[in-house]
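Source file: upload_30.cif. Holds: mmCIF, C-alpha atoms, pLDDT in the B column; chains and numbers go by the auth columns.
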data_my_file
loop_
_atom_site.group_PDB
_atom_site.id
_atom_site.type_symbol
_atom_site.label_atom_id
_atom_site.label_comp_id
_atom_site.label_asym_id
_atom_site.label_seq_id
_atom_site.Cartn_x
_atom_site.Cartn_y
_atom_site.Cartn_z
_atom_site.B_iso_or_equiv
_atom_site.auth_seq_id
_atom_site.auth_asym_id
ATOM 1 C CA MET A 1 133.571 123.268 109.312 43.00 1 A
ATOM 2 C CA GLY A 2 134.222 119.542 109.420 45.00 2 A
ATOM 3 C CA ALA A 3 137.490 118.723 107.739 48.00 3 A
ATOM 4 C CA GLY A 4 137.076 116.222 104.950 48.00 4 A
ATOM 5 C CA LYS A 5 133.297 116.151 105.366 51.00 5 A
ATOM 6 C CA ARG A 6 131.805 116.666 101.935 54.00 6 A
ATOM 7 C CA GLU A 7 128.118 117.253 101.431 61.00 7 A
ATOM 8 C CA ILE A 8 126.912 114.259 99.411 68.00 8 A
ATOM 9 C CA GLN A 9 123.896 114.908 97.269 88.00 9 A
ATOM 10 C CA THR A 10 121.196 112.262 97.268 93.00 10 A
ATOM 11 C CA SER A 11 118.087 112.960 95.269 95.00 11 A
ATOM 12 C CA LEU A 12 114.995 111.291 93.901 96.00 12 A
ATOM 13 C CA ASP A 13 113.753 111.524 90.346 96.00 13 A
ATOM 14 C CA GLY A 14 110.479 110.449 88.817 96.00 14 A
ATOM 15 C CA LEU A 15 110.351 107.324 86.703 96.00 15 A
ATOM 16 C CA ARG A 16 109.709 108.154 83.048 96.00 16 A
ATOM 17 C CA GLU A 17 109.890 106.366 79.715 96.00 17 A
ATOM 18 C CA LYS A 18 113.277 107.973 79.028 96.00 18 A
ATOM 19 C CA ASN A 19 114.924 106.723 82.262 96.00 19 A
ATOM 20 C CA LEU A 20 113.171 103.345 82.474 96.00 20 A
ATOM 21 C CA MET A 21 116.386 101.615 81.368 96.00 21 A
ATOM 22 C CA GLN A 22 117.994 102.791 84.642 96.00 22 A
ATOM 23 C CA LEU A 23 115.363 100.820 86.586 97.00 23 A
ATOM 24 C CA LYS A 24 115.870 97.773 84.354 97.00 24 A
ATOM 25 C CA LYS A 25 119.642 97.847 84.942 96.00 25 A
ATOM 26 C CA LEU A 26 119.208 98.281 88.711 97.00 26 A
ATOM 27 C CA ASN A 27 116.727 95.400 88.908 96.00 27 A
ATOM 28 C CA THR A 28 119.113 93.120 87.003 95.00 28 A
ATOM 29 C CA ALA A 29 121.867 93.932 89.503 95.00 29 A
ATOM 30 C CA LEU A 30 119.665 93.764 92.617 94.00 30 A
ATOM 31 C CA PHE A 31 117.109 90.994 92.257 89.00 31 A
ATOM 32 C CA PRO A 32 117.235 87.257 91.449 82.00 32 A
ATOM 33 C CA VAL A 33 114.144 87.492 89.243 82.00 33 A
ATOM 34 C CA ARG A 34 113.520 89.070 85.832 86.00 34 A
ATOM 35 C CA TYR A 35 110.620 91.463 85.539 93.00 35 A
ATOM 36 C CA ASN A 36 108.206 91.504 82.607 94.00 36 A
ATOM 37 C CA ASP A 37 106.806 94.420 80.624 95.00 37 A
ATOM 38 C CA LYS A 38 103.710 94.599 82.845 96.00 38 A
ATOM 39 C CA TYR A 39 105.930 95.299 85.872 97.00 39 A
ATOM 40 C CA TYR A 40 107.524 98.266 84.081 97.00 40 A
ATOM 41 C CA ALA A 41 104.158 99.490 82.775 97.00 41 A
ATOM 42 C CA ASP A 42 102.742 99.343 86.342 97.00 42 A
ATOM 43 C CA ALA A 43 105.801 101.179 87.715 97.00 43 A
ATOM 44 C CA LEU A 44 105.326 103.967 85.161 97.00 44 A
ATOM 45 C CA ALA A 45 101.557 104.076 85.751 96.00 45 A
ATOM 46 C CA ALA A 46 102.104 104.590 89.499 96.00 46 A
ATOM 47 C CA GLY A 47 103.455 108.057 88.720 96.00 47 A
ATOM 48 C CA ASP A 48 105.131 109.692 91.717 96.00 48 A
ATOM 49 C CA PHE A 49 105.018 106.430 93.683 97.00 49 A
ATOM 50 C CA SER A 50 107.903 105.039 91.600 98.00 50 A
ATOM 51 C CA LYS A 51 111.222 106.853 91.990 98.00 51 A
ATOM 52 C CA LEU A 52 114.874 106.482 91.098 98.00 52 A
ATOM 53 C CA ALA A 53 117.436 107.430 93.743 98.00 53 A
ATOM 54 C CA TYR A 54 120.660 109.184 92.831 97.00 54 A
ATOM 55 C CA PHE A 55 123.862 109.536 94.835 96.00 55 A
ATOM 56 C CA SER A 56 126.100 112.242 93.367 92.00 56 A
ATOM 57 C CA ASP A 57 124.263 111.908 90.042 89.00 57 A
ATOM 58 C CA ILE A 58 124.698 108.106 89.919 94.00 58 A
ATOM 59 C CA CYS A 59 121.509 106.028 89.901 96.00 59 A
ATOM 60 C CA VAL A 60 121.963 103.710 92.889 97.00 60 A
ATOM 61 C CA GLY A 61 118.456 102.726 93.960 98.00 61 A
ATOM 62 C CA ALA A 62 114.784 102.691 93.132 98.00 62 A
ATOM 63 C CA ILE A 63 111.321 102.014 94.422 98.00 63 A
ATOM 64 C CA ALA A 64 108.692 100.718 92.019 98.00 64 A
ATOM 65 C CA CYS A 65 105.085 100.635 93.157 98.00 65 A
ATOM 66 C CA ARG A 66 101.723 99.642 91.819 96.00 66 A
ATOM 67 C CA LEU A 67 98.467 101.256 92.913 96.00 67 A
ATOM 68 C CA GLU A 68 95.679 98.751 93.500 95.00 68 A
ATOM 69 C CA LYS A 69 91.980 99.419 93.929 91.00 69 A
ATOM 70 C CA LYS A 70 90.406 97.395 96.691 84.00 70 A
ATOM 71 C CA GLU A 71 86.725 96.504 96.953 83.00 71 A
ATOM 72 C CA GLY A 72 84.825 99.614 97.942 85.00 72 A
ATOM 73 C CA GLY A 73 87.110 101.837 95.890 84.00 73 A
ATOM 74 C CA ALA A 74 89.919 102.322 98.412 87.00 74 A
ATOM 75 C CA VAL A 75 93.416 102.325 96.951 92.00 75 A
ATOM 76 C CA ARG A 76 96.444 100.627 98.439 95.00 76 A
ATOM 77 C CA VAL A 77 100.086 100.743 97.442 97.00 77 A
ATOM 78 C CA TYR A 78 101.962 97.590 96.529 97.00 78 A
ATOM 79 C CA ILE A 79 105.738 97.974 96.638 98.00 79 A
ATOM 80 C CA MET A 80 106.851 95.762 93.761 97.00 80 A
ATOM 81 C CA THR A 81 110.542 96.423 94.378 97.00 81 A
ATOM 82 C CA LEU A 82 112.723 98.594 96.589 97.00 82 A
ATOM 83 C CA GLY A 83 116.445 98.220 96.200 96.00 83 A
ATOM 84 C CA VAL A 84 119.727 100.032 96.698 97.00 84 A
ATOM 85 C CA LEU A 85 123.062 98.884 95.291 97.00 85 A
ATOM 86 C CA ALA A 86 125.199 97.271 98.020 95.00 86 A
ATOM 87 C CA PRO A 87 127.958 99.953 98.241 96.00 87 A
ATOM 88 C CA TYR A 88 125.287 102.608 98.873 96.00 88 A
ATOM 89 C CA ARG A 89 123.286 100.797 101.570 93.00 89 A
ATOM 90 C CA GLY A 90 123.157 102.093 105.115 92.00 90 A
ATOM 91 C CA ILE A 91 123.327 105.794 104.217 94.00 91 A
ATOM 92 C CA GLY A 92 119.595 106.478 104.161 95.00 92 A
ATOM 93 C CA ILE A 93 118.681 105.997 100.505 96.00 93 A
ATOM 94 C CA GLY A 94 116.197 103.166 101.124 96.00 94 A
ATOM 95 C CA LYS A 95 114.725 105.181 103.987 97.00 95 A
ATOM 96 C CA MET A 96 114.397 108.217 101.702 97.00 96 A
ATOM 97 C CA LEU A 97 112.569 106.132 99.067 98.00 97 A
ATOM 98 C CA LEU A 98 110.237 104.552 101.620 97.00 98 A
ATOM 99 C CA ASN A 99 109.494 107.854 103.376 97.00 99 A
ATOM 100 C CA HIS A 100 108.616 109.384 100.007 97.00 100 A
ATOM 101 C CA VAL A 101 105.951 106.684 99.505 97.00 101 A
ATOM 102 C CA PHE A 102 104.662 107.155 103.086 96.00 102 A
ATOM 103 C CA GLU A 103 104.286 110.926 102.585 96.00 103 A
ATOM 104 C CA LEU A 104 102.582 110.506 99.216 96.00 104 A
ATOM 105 C CA SER A 105 100.232 107.865 100.657 96.00 105 A
ATOM 106 C CA THR A 106 99.268 110.184 103.509 94.00 106 A
ATOM 107 C CA LYS A 107 98.617 113.092 101.116 94.00 107 A
ATOM 108 C CA GLN A 108 96.442 110.906 98.904 93.00 108 A
ATOM 109 C CA ASN A 109 94.546 109.277 101.802 92.00 109 A
ATOM 110 C CA ILE A 110 95.933 105.843 101.039 93.00 110 A
ATOM 111 C CA SER A 111 95.801 103.800 104.221 91.00 111 A
ATOM 112 C CA GLN A 112 97.714 100.640 103.354 95.00 112 A
ATOM 113 C CA ILE A 113 101.067 99.702 101.850 97.00 113 A
ATOM 114 C CA TYR A 114 102.170 96.112 101.396 97.00 114 A
ATOM 115 C CA LEU A 115 104.865 94.009 99.750 98.00 115 A
ATOM 116 C CA HIS A 116 106.270 90.497 99.432 96.00 116 A
ATOM 117 C CA VAL A 117 109.659 89.461 100.834 95.00 117 A
ATOM 118 C CA GLN A 118 111.418 86.123 100.435 94.00 118 A
ATOM 119 C CA THR A 119 111.287 84.339 103.824 96.00 119 A
ATOM 120 C CA ASN A 120 115.087 84.126 104.105 96.00 120 A
ATOM 121 C CA ASN A 121 115.708 87.823 103.333 94.00 121 A
ATOM 122 C CA ASP A 122 116.420 88.841 106.927 95.00 122 A
ATOM 123 C CA ASP A 123 117.958 92.193 105.958 93.00 123 A
ATOM 124 C CA ALA A 124 114.844 93.279 104.068 94.00 124 A
ATOM 125 C CA ILE A 125 112.497 91.978 106.769 97.00 125 A
ATOM 126 C CA SER A 126 114.290 93.879 109.536 96.00 126 A
ATOM 127 C CA PHE A 127 114.491 97.002 107.315 96.00 127 A
ATOM 128 C CA TYR A 128 110.737 97.042 106.767 97.00 128 A
ATOM 129 C CA LYS A 129 109.953 96.210 110.413 97.00 129 A
ATOM 130 C CA LYS A 130 111.917 99.337 111.437 97.00 130 A
ATOM 131 C CA PHE A 131 109.338 101.322 109.482 97.00 131 A
ATOM 132 C CA GLY A 132 106.321 99.690 111.085 96.00 132 A
ATOM 133 C CA PHE A 133 105.611 96.898 108.609 98.00 133 A
ATOM 134 C CA GLU A 134 104.306 93.661 110.092 97.00 134 A
ATOM 135 C CA ILE A 135 104.285 90.147 108.692 97.00 135 A
ATOM 136 C CA THR A 136 100.613 89.530 107.969 97.00 136 A
ATOM 137 C CA GLU A 137 100.781 86.353 105.890 97.00 137 A
ATOM 138 C CA THR A 138 103.114 83.606 104.670 97.00 138 A
ATOM 139 C CA ILE A 139 102.644 82.351 101.117 96.00 139 A
ATOM 140 C CA GLN A 140 104.116 78.967 100.207 96.00 140 A
ATOM 141 C CA ASN A 141 105.673 78.591 96.744 95.00 141 A
ATOM 142 C CA TYR A 142 105.160 82.248 95.795 94.00 142 A
ATOM 143 C CA TYR A 143 108.382 82.396 93.787 89.00 143 A
ATOM 144 C CA THR A 144 108.934 79.959 90.954 86.00 144 A
ATOM 145 C CA ASN A 145 112.657 80.114 90.159 84.00 145 A
ATOM 146 C CA ILE A 146 114.343 80.970 93.462 87.00 146 A
ATOM 147 C CA THR A 147 114.932 79.119 96.705 89.00 147 A
ATOM 148 C CA PRO A 148 113.294 79.269 99.158 92.00 148 A
ATOM 149 C CA PRO A 149 110.127 79.805 97.107 92.00 149 A
ATOM 150 C CA ASP A 150 108.125 81.097 100.096 95.00 150 A
ATOM 151 C CA CYS A 151 107.437 84.721 100.947 96.00 151 A
ATOM 152 C CA TYR A 152 106.027 86.858 103.702 97.00 152 A
ATOM 153 C CA VAL A 153 103.470 89.556 103.058 97.00 153 A
ATOM 154 C CA LEU A 154 104.498 92.653 105.007 98.00 154 A
ATOM 155 C CA THR A 155 101.817 95.265 105.569 97.00 155 A
ATOM 156 C CA LYS A 156 101.823 98.763 106.996 97.00 156 A
ATOM 157 C CA ASN A 157 98.644 100.642 107.751 94.00 157 A
ATOM 158 C CA ILE A 158 98.992 104.395 107.432 89.00 158 A
ATOM 159 C CA THR A 159 96.991 106.404 109.917 78.00 159 A
ATOM 160 C CA GLN A 160 95.635 109.503 108.294 65.00 160 A
ATOM 161 C CA PRO A 161 95.924 112.842 110.083 63.00 161 A
ATOM 162 C CA GLN A 162 92.615 113.847 111.631 59.00 162 A
ATOM 163 C CA THR A 163 91.008 116.781 109.884 55.00 163 A
ATOM 164 C CA LYS A 164 89.688 119.485 112.165 50.00 164 A
ATOM 165 C CA LYS A 165 85.940 119.993 111.985 49.00 165 A
#

Go ahead and express the file in the form of structure tokens.
Amino acid sequence: MGAGKREIQTSLDGLREKNLMQLKKLNTALFPVRYNDKYYADALAAGDFSKLAYFSDICVGAIACRLEKKEGGAVRVYIMTLGVLAPYRGIGIGKMLLNHVFELSTKQNISQIYLHVQTNNDDAISFYKKFGFEITETIQNYYTNITPPDCYVLTKNITQPQTKK
């Protein structure tokens, strides 16, 4: 038994009307932009794709997604926000949130996940690249009230497991 090594419980919980305020508080602490009611409605509508992350029963992170129908009926996942409070970064919470979305996407035959990242957010860019996201586009003046206003579109294509015939 490792002396002083305590098992820390990290867990995910579904986003619901009754815990939506947790997401609002996290977003205020984490992001330089304010999100509107449509953002929160989309996060709730995404069901299991939006999750809150808890560390020893404290809400310390979240992923909020939106499901988008593409032409032809295919669905893709847009990660609106993924964030973990600074003191809790580097212990696998962001990875746990992202892996949850990957697994769910695979189960539901969703082949693409994408997101926007501010061009100077090197930490986020390297985080997503570790998980196979690639910069697929640069959008000038995407953000209105933050500098720099430009963003990258990061995309990950999910390869679906082959079904045996």

_Residue nearest Ile158 (chain A) - candidates A:Tyr88, A:Thr138, A:Met96, A:Val77, atoms counted: all atoms listed in the file_ =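 Checking each of A:Tyr88, A:Thr138, A:Met96, A:Val77 against Ile158 (chain A), counting all atoms listed in the file, the winner is A:Val77.
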
If you count all atoms listed in the file, which residues fall within 7 Å of Lys156 (chain A), apart from same-chain ones fewer than 6 positions away, as a compact mmCIF listing (two decimals) with C-alpha atoms, in the frame of the given file?
# COMPACT_ATOMS: atom_id res chain seq x y z
CA GLN A 112 97.71 100.64 103.35
CA ILE A 113 101.07 99.70 101.85
CA TYR A 114 102.17 96.11 101.40
CA GLY A 132 106.32 99.69 111.08
CA PHE A 133 105.61 96.90 108.61
CA GLU A 134 104.31 93.66 110.09

_On this structure, the PyMOL selection byres ((chain A and resi 58-68) around 8) would catch which residues? List them as number ranges by chain, sorted by chain and number._
A: 22-23, 26, 42-43, 45-46, 49-57, 69-70, 75-85, 88, 93-94, 97-98

How would the residues just chosen look if you wrote them out with C-alpha atoms as an mmCIF file, in the coordinates of the input?
data_model
loop_
_atom_site.group_PDB
_atom_site.id
_atom_site.type_symbol
_atom_site.label_atom_id
_atom_site.label_comp_id
_atom_site.auth_asym_id
_atom_site.auth_seq_id
_atom_site.Cartn_x
_atom_site.Cartn_y
_atom_site.Cartn_z
ATOM 1 C CA GLN A 22 117.994 102.791 84.642
ATOM 2 C CA LEU A 23 115.363 100.820 86.586
ATOM 3 C CA LEU A 26 119.208 98.281 88.711
ATOM 4 C CA ASP A 42 102.742 99.343 86.342
ATOM 5 C CA ALA A 43 105.801 101.179 87.715
ATOM 6 C CA ALA A 45 101.557 104.076 85.751
ATOM 7 C CA ALA A 46 102.104 104.590 89.499
ATOM 8 C CA PHE A 49 105.018 106.430 93.683
ATOM 9 C CA SER A 50 107.903 105.039 91.600
ATOM 10 C CA LYS A 51 111.222 106.853 91.990
ATOM 11 C CA LEU A 52 114.874 106.482 91.098
ATOM 12 C CA ALA A 53 117.436 107.430 93.743
ATOM 13 C CA TYR A 54 120.660 109.184 92.831
ATOM 14 C CA PHE A 55 123.862 109.536 94.835
ATOM 15 C CA SER A 56 126.100 112.242 93.367
ATOM 16 C CA ASP A 57 124.263 111.908 90.042
ATOM 17 C CA LYS A 69 91.980 99.419 93.929
ATOM 18 C CA LYS A 70 90.406 97.395 96.691
ATOM 19 C CA VAL A 75 93.416 102.325 96.951
ATOM 20 C CA ARG A 76 96.444 100.627 98.439
ATOM 21 C CA VAL A 77 100.086 100.743 97.442
ATOM 22 C CA TYR A 78 101.962 97.590 96.529
ATOM 23 C CA ILE A 79 105.738 97.974 96.638
ATOM 24 C CA MET A 80 106.851 95.762 93.761
ATOM 25 C CA THR A 81 110.542 96.423 94.378
ATOM 26 C CA LEU A 82 112.723 98.594 96.589
ATOM 27 C CA GLY A 83 116.445 98.220 96.200
ATOM 28 C CA VAL A 84 119.727 100.032 96.698
ATOM 29 C CA LEU A 85 123.062 98.884 95.291
ATOM 30 C CA TYR A 88 125.287 102.608 98.873
ATOM 31 C CA ILE A 93 118.681 105.997 100.505
ATOM 32 C CA GLY A 94 116.197 103.166 101.124
ATOM 33 C CA LEU A 97 112.569 106.132 99.067
ATOM 34 C CA LEU A 98 110.237 104.552 101.620
#

_Pairwise distance for CA of Leu30 (chain A) and CA of Ala86 (chain A), rounded to one decimal in Å_ = 8.5 Å

*Of the listed residues A:Tyr143, A:Thr119, A:Asp48, A:Pro87, that which approaches Val101 (chain A) most closely, counting only C-alpha atoms*: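 Between A:Tyr143, A:Thr119, A:Asp48, A:Pro87, the residue approaching Val101 (chain A) most closely is A:Asp48.
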
_Of the listed residues A:Tyr39, A:Leu104, A:Ile91, A:Val33, that which approaches Gln118 (chain A) most closely, counting only C-alpha atoms_ = A:Val33

*Suppose you want the space between CA of Phe127 (chain A) and CA of Tyr152 (chain A); what is it in Å?*
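Interatomic distance here is 13.7 Å.
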
*Please identify all polymer residues within 9 Å of Glu137 (chain A), counting all atoms listed in the file, omitting same-chain residues fewer than 5 positions from it, and present them as number ranges by chain.*
A: 151-155

If you take every atom of region 77-92 of chain A that the file lists and fit an axis-aligned box around them with 4 Å extra on each side, what centre and edge lengths come out in Å to one decimal, as lines of an AutoDock Vina configuration file?
center_x = 114.0
center_y = 101.1
center_z = 99.4
size_x = 35.9
size_y = 18.7
size_z = 19.4

*In Å, how far is it from CA of Ala41 (chain A) to CA of Gly14 (chain A)?*
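So the answer is 14.0 Å.
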
*asked:* Measuring between only C-alpha atoms, which one of A:Met21, A:Leu12, A:Ala29, A:Tyr40 shows the shortest distance to Lys95 (chain A)?
replied: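 Checking each of A:Met21, A:Leu12, A:Ala29, A:Tyr40 against Lys95 (chain A), counting only C-alpha atoms, the winner is A:Leu12.
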
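Distances from A:Leu44, A:Thr28, A:Asn145, A:Thr159 to Glu103 (chain A) were compared using only C-alpha atoms, and the smallest one belongs to A:Thr159.
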
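Among the candidates A:Asn36, A:Asn157, A:Ser11, A:Thr136, the residue lying nearest to His116 (chain A) is A:Thr136 (atoms considered: only C-alpha atoms).
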
_Residues matched by the PyMOL selection byres ((chain A and resi 120) around 9) as a list of chain:residue names_ = A:Val117, A:Gln118, A:Thr119, A:Asn121, A:Asp122, A:Asp123, A:Ile125, A:Thr147, A:Pro148, A:Asp150, A:Cys151

Kindly add all heavy atoms to the incomplete region 37-48 of chain A and provide the output as a short mmCIF file (atom, residue, chain, number, x, y, z; two decimals), in the coordinates of the input.
data_model
loop_
_atom_site.label_atom_id
_atom_site.label_comp_id
_atom_site.auth_asym_id
_atom_site.auth_seq_id
_atom_site.Cartn_x
_atom_site.Cartn_y
_atom_site.Cartn_z
N ASP A 37 107.23 93.10 81.08
CA ASP A 37 106.81 94.42 80.62
C ASP A 37 105.68 94.99 81.48
O ASP A 37 105.61 96.20 81.69
CB ASP A 37 106.35 94.35 79.16
CG ASP A 37 107.53 94.11 78.22
OD1 ASP A 37 108.69 94.34 78.63
OD2 ASP A 37 107.30 93.68 77.07
N LYS A 38 104.81 94.11 82.00
CA LYS A 38 103.71 94.60 82.84
C LYS A 38 104.25 95.27 84.11
O LYS A 38 103.74 96.30 84.54
CB LYS A 38 102.76 93.46 83.21
CG LYS A 38 101.59 93.97 84.07
CD LYS A 38 100.55 92.91 84.34
CE LYS A 38 99.41 93.36 85.22
NZ LYS A 38 99.42 94.67 85.79
N TYR A 39 105.30 94.69 84.69
CA TYR A 39 105.93 95.30 85.87
C TYR A 39 106.34 96.74 85.55
O TYR A 39 106.05 97.67 86.31
CB TYR A 39 107.14 94.45 86.29
CG TYR A 39 108.11 95.17 87.21
CD1 TYR A 39 108.01 95.02 88.59
CD2 TYR A 39 109.10 96.00 86.71
CE1 TYR A 39 108.89 95.68 89.44
CE2 TYR A 39 109.97 96.67 87.56
CZ TYR A 39 109.86 96.51 88.91
OH TYR A 39 110.72 97.18 89.75
N TYR A 40 107.03 96.93 84.43
CA TYR A 40 107.52 98.27 84.08
C TYR A 40 106.38 99.21 83.72
O TYR A 40 106.41 100.39 84.06
CB TYR A 40 108.57 98.17 82.96
CG TYR A 40 109.83 97.51 83.48
CD1 TYR A 40 110.11 96.18 83.17
CD2 TYR A 40 110.70 98.18 84.33
CE1 TYR A 40 111.25 95.55 83.70
CE2 TYR A 40 111.83 97.56 84.85
CZ TYR A 40 112.10 96.25 84.53
OH TYR A 40 113.20 95.63 85.06
N ALA A 41 105.34 98.68 83.08
CA ALA A 41 104.16 99.49 82.78
C ALA A 41 103.47 99.94 84.07
O ALA A 41 103.07 101.10 84.21
CB ALA A 41 103.19 98.71 81.90
N ASP A 42 103.35 99.01 85.04
CA ASP A 42 102.74 99.34 86.34
C ASP A 42 103.58 100.39 87.07
O ASP A 42 103.04 101.32 87.69
CB ASP A 42 102.61 98.10 87.22
CG ASP A 42 101.49 97.17 86.78
OD1 ASP A 42 100.63 97.59 85.98
OD2 ASP A 42 101.48 96.01 87.24
N ALA A 43 104.90 100.23 87.04
CA ALA A 43 105.80 101.18 87.72
C ALA A 43 105.63 102.58 87.13
O ALA A 43 105.55 103.56 87.86
CB ALA A 43 107.26 100.72 87.60
N LEU A 44 105.54 102.66 85.82
CA LEU A 44 105.33 103.97 85.16
C LEU A 44 103.94 104.52 85.50
O LEU A 44 103.80 105.71 85.79
CB LEU A 44 105.47 103.84 83.65
CG LEU A 44 106.88 103.79 83.10
CD1 LEU A 44 106.87 103.39 81.63
CD2 LEU A 44 107.60 105.12 83.28
N ALA A 45 102.94 103.65 85.49
CA ALA A 45 101.56 104.08 85.75
C ALA A 45 101.37 104.60 87.18
O ALA A 45 100.48 105.40 87.44
CB ALA A 45 100.60 102.93 85.48
N ALA A 46 102.22 104.16 88.10
CA ALA A 46 102.10 104.59 89.50
C ALA A 46 102.56 106.03 89.69
O ALA A 46 102.44 106.58 90.78
CB ALA A 46 102.90 103.65 90.41
N GLY A 47 103.08 106.65 88.64
CA GLY A 47 103.46 108.06 88.72
C GLY A 47 104.50 108.32 89.79
O GLY A 47 105.54 107.66 89.83
N ASP A 48 104.18 109.27 90.68
CA ASP A 48 105.13 109.69 91.72
C ASP A 48 105.48 108.60 92.72
O ASP A 48 106.41 108.76 93.50
CB ASP A 48 104.57 110.90 92.47
CG ASP A 48 105.25 112.19 92.02
OD1 ASP A 48 106.15 112.11 91.17
OD2 ASP A 48 104.87 113.25 92.54
#
